[in-house]
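In what follows, a structure is listed as structure tokens, so that the remarks can point back to it.
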Amino acid sequence: MANETKKEHLIVPEVMEDMIREKLPHKLQFSEFCEIDNTLMGIPGDTITIPKWGIIGEAQDVEELGQIPYEQMTTSKTQAKIKKAGKGVILSDEALLSGYGNPIGEATEQLAIAIARKVDADAVEALKKAKLTFGKGTTALNYALLCDALTKLGEEIDQEKVLFVTPDQYSELRKDPQFLSLKDMAGTPILMSGIVGMIAGCQIKVSSNPALIDGTKVHNLIVLKGALRLLLKRGANLETARDIDVKATKVNIDQHYAVSIKDDSKILKLSTLKPTITDR
């Protein structure tokens, strides 16, 4: 019959895949700090060796006519291995034909979010390996502590940067007289979506990523652009298959990638005390 509704009329994998690839960059919290590297696309191999510049450390006090100290610049190499992340959903015929809302659109959105969250989780784990660190996790995040910590960034201290905080920390920071709300940041270029304010020169992004919390400690990441490298072996790949036993269509997606630190001088891990918010 000419007017017959067929599976291919309901799910078009190519369209869903294109939609997911378009959505993914906007779902990634850390995409603003990543250099996208397609070196491994289309060539054999699942490992890449990445050269990195070392950190020469802080400048030192010099007396009048005193000799300025020199430090040898160094390079090191690190290897990144490509991994695969995937997720799938099952859409019944009933859901597609008479389900509430837009099942295909919702599946596309959920699959994009699932991949983005996994890439973000790996990005956090990479950032937590930062060479620049400050704090022992015994002091709550505050303006004074942040000012002291930022000296670790050396010559990068004046660069635009984002401070990732937990929701409870944001609740405390916004009470600080040094806190600038979004409306007070007029004229300041916003580095990424979701910025809620600014303190000590750091734009604040609230994150509920559990990887930031370690017991009573919070690993507050201060990140500058160019800190990370996102290696792509292949773009997001979506496939569908028919399950004739239950009259449903399986849809899954996978992404082959790796996340690594590109520049150690653009990441600072600040360890602070996890705040306790009580109901009053």
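The way I read the labels, and the way they are meant: chains A, B, ... in the order of the structure tokens, residue 1 as the first residue of every chain, and ligand 1 as the first ligand shown, with later ones counted on from there.
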Run DSSP on the backbone and tell me which residues of range 28-250 of chain A come out as helix (DSSP H, G or I); list them as a PyMOL selection string. chain A and resi 31-33+93-98+103-127+143-156+167-173+182-185+210-212
Quick one: residues within 12 Å of Leu221 in chain A, only C-alpha atoms counted, chain neighbours fewer than 3 positions away excluded, as a ChimeraX atom specification? /A:30,123-135,141,146,149-150,161-166,202-207,209,211-213,218,224,227,266-272
Which polymer residues have any atom within 12 Å of an atom of Ala59 in chain A, counting only C-alpha atoms, with same-chain residues fewer than 6 positions away left out, as a VMD selection string? chain A and resid 68 to 71 151 to 155
Smallest atom-to-atom distance to Ile20 in chain A: which of A:Gly235, A:Pro275, A:Pro210, A:Pro189, using only C-alpha atoms? A:Gly235
Need the shell around range 247-250 of chain A: protein/DNA/RNA residues with any atom at most 12 Å away, counting only C-alpha atoms. Skip same-chain ones fewer than 3 positions apart. Format as an mmCIF file with N, CA and C atoms, in the first residue's frame?
data_model
loop_
_atom_site.group_PDB
_atom_site.id
_atom_site.type_symbol
_atom_site.label_atom_id
_atom_site.label_comp_id
_atom_site.auth_asym_id
_atom_site.auth_seq_id
_atom_site.Cartn_x
_atom_site.Cartn_y
_atom_site.Cartn_z
ATOM 1 N N LYS A 6 6.128 2.664 7.342
ATOM 2 C CA LYS A 6 7.214 1.715 7.503
ATOM 3 C C LYS A 6 8.249 2.244 8.493
ATOM 4 N N LYS A 7 9.082 1.305 8.988
ATOM 5 C CA LYS A 7 10.110 1.659 9.968
ATOM 6 C C LYS A 7 11.028 2.768 9.437
ATOM 7 N N GLU A 8 11.408 2.649 8.158
ATOM 8 C CA GLU A 8 12.351 3.618 7.616
ATOM 9 C C GLU A 8 11.758 5.019 7.537
ATOM 10 N N LEU A 10 10.057 6.233 10.011
ATOM 11 C CA LEU A 10 10.056 6.719 11.383
ATOM 12 C C LEU A 10 11.464 7.003 11.905
ATOM 13 N N ILE A 11 12.416 6.144 11.542
ATOM 14 C CA ILE A 11 13.791 6.319 12.007
ATOM 15 C C ILE A 11 14.708 6.387 10.793
ATOM 16 N N VAL A 12 15.371 7.487 10.651
ATOM 17 C CA VAL A 12 16.372 7.646 9.592
ATOM 18 C C VAL A 12 17.723 7.804 10.284
ATOM 19 N N PRO A 13 18.532 6.753 10.350
ATOM 20 C CA PRO A 13 19.778 6.791 11.110
ATOM 21 C C PRO A 13 20.702 7.945 10.731
ATOM 22 N N LYS A 87 26.303 3.910 24.028
ATOM 23 C CA LYS A 87 25.012 3.880 24.728
ATOM 24 C C LYS A 87 23.927 3.578 23.710
ATOM 25 N N GLY A 88 22.859 2.932 24.175
ATOM 26 C CA GLY A 88 21.776 2.612 23.258
ATOM 27 C C GLY A 88 20.408 2.707 23.898
ATOM 28 N N VAL A 89 19.394 2.765 23.067
ATOM 29 C CA VAL A 89 18.005 2.771 23.532
ATOM 30 C C VAL A 89 17.200 1.829 22.638
ATOM 31 N N ILE A 90 16.047 1.399 23.137
ATOM 32 C CA ILE A 90 15.143 0.571 22.356
ATOM 33 C C ILE A 90 13.813 1.308 22.227
ATOM 34 N N LEU A 91 13.365 1.459 20.995
ATOM 35 C CA LEU A 91 12.105 2.152 20.719
ATOM 36 C C LEU A 91 11.090 1.140 20.183
ATOM 37 N N SER A 92 10.033 0.942 20.931
ATOM 38 C CA SER A 92 8.993 0.017 20.480
ATOM 39 C C SER A 92 8.186 0.635 19.346
ATOM 40 N N ASP A 93 7.536 -0.221 18.592
ATOM 41 C CA ASP A 93 6.675 0.280 17.519
ATOM 42 C C ASP A 93 5.557 1.155 18.084
ATOM 43 N N GLU A 94 5.044 0.747 19.247
ATOM 44 C CA GLU A 94 3.962 1.525 19.863
ATOM 45 C C GLU A 94 4.446 2.937 20.206
ATOM 46 N N ALA A 95 5.682 3.032 20.711
ATOM 47 C CA ALA A 95 6.229 4.349 21.063
ATOM 48 C C ALA A 95 6.391 5.215 19.828
ATOM 49 N N LEU A 96 6.854 4.596 18.745
ATOM 50 C CA LEU A 96 7.078 5.360 17.515
ATOM 51 C C LEU A 96 5.786 5.771 16.836
ATOM 52 N N LEU A 97 4.800 4.876 16.867
ATOM 53 C CA LEU A 97 3.566 5.144 16.143
ATOM 54 C C LEU A 97 2.571 5.996 16.926
ATOM 55 N N PRO A 103 9.512 10.646 20.321
ATOM 56 C CA PRO A 103 10.454 9.644 20.816
ATOM 57 C C PRO A 103 11.814 9.693 20.125
ATOM 58 N N ILE A 104 11.819 9.918 18.803
ATOM 59 C CA ILE A 104 13.082 9.943 18.073
ATOM 60 C C ILE A 104 13.913 11.152 18.490
ATOM 61 N N ALA A 107 15.260 10.495 21.937
ATOM 62 C CA ALA A 107 16.359 9.526 21.885
ATOM 63 C C ALA A 107 17.640 10.190 21.394
ATOM 64 N N LEU A 238 26.216 6.246 14.718
ATOM 65 C CA LEU A 238 24.923 5.734 15.153
ATOM 66 C C LEU A 238 24.469 4.608 14.235
ATOM 67 N N GLU A 239 23.941 3.540 14.848
ATOM 68 C CA GLU A 239 23.437 2.415 14.076
ATOM 69 C C GLU A 239 22.082 1.976 14.619
ATOM 70 N N THR A 240 21.300 1.373 13.747
ATOM 71 C CA THR A 240 19.991 0.854 14.154
ATOM 72 C C THR A 240 19.873 -0.606 13.720
ATOM 73 N N ALA A 241 19.047 -1.346 14.454
ATOM 74 C CA ALA A 241 18.790 -2.744 14.100
ATOM 75 C C ALA A 241 17.375 -3.091 14.520
ATOM 76 N N ARG A 242 16.779 -3.957 13.776
ATOM 77 C CA ARG A 242 15.398 -4.349 14.041
ATOM 78 C C ARG A 242 15.364 -5.605 14.903
ATOM 79 N N ASP A 243 14.564 -5.580 15.980
ATOM 80 C CA ASP A 243 14.325 -6.750 16.813
ATOM 81 C C ASP A 243 12.915 -7.237 16.487
ATOM 82 N N ILE A 244 12.842 -8.221 15.613
ATOM 83 C CA ILE A 244 11.516 -8.650 15.128
ATOM 84 C C ILE A 244 10.746 -9.443 16.173
ATOM 85 N N ILE A 253 24.818 4.280 19.826
ATOM 86 C CA ILE A 253 25.833 5.219 19.361
ATOM 87 C C ILE A 253 27.145 4.885 20.047
#
Just list as a PyMOL selection string whatever in range 5-230 of chain A DSSP marks as strand (DSSP E). chain A and resi 34-37+47-53+75-81+83-92+132-134+161-165+180-181+195-199+202-206+213-214+217-224+228-230
When you count only C-alpha atoms, which of these residues is closest to Asn142 in chain A: A:Ala200, A:Ile195, A:Val251, A:Ile113? A:Ala200
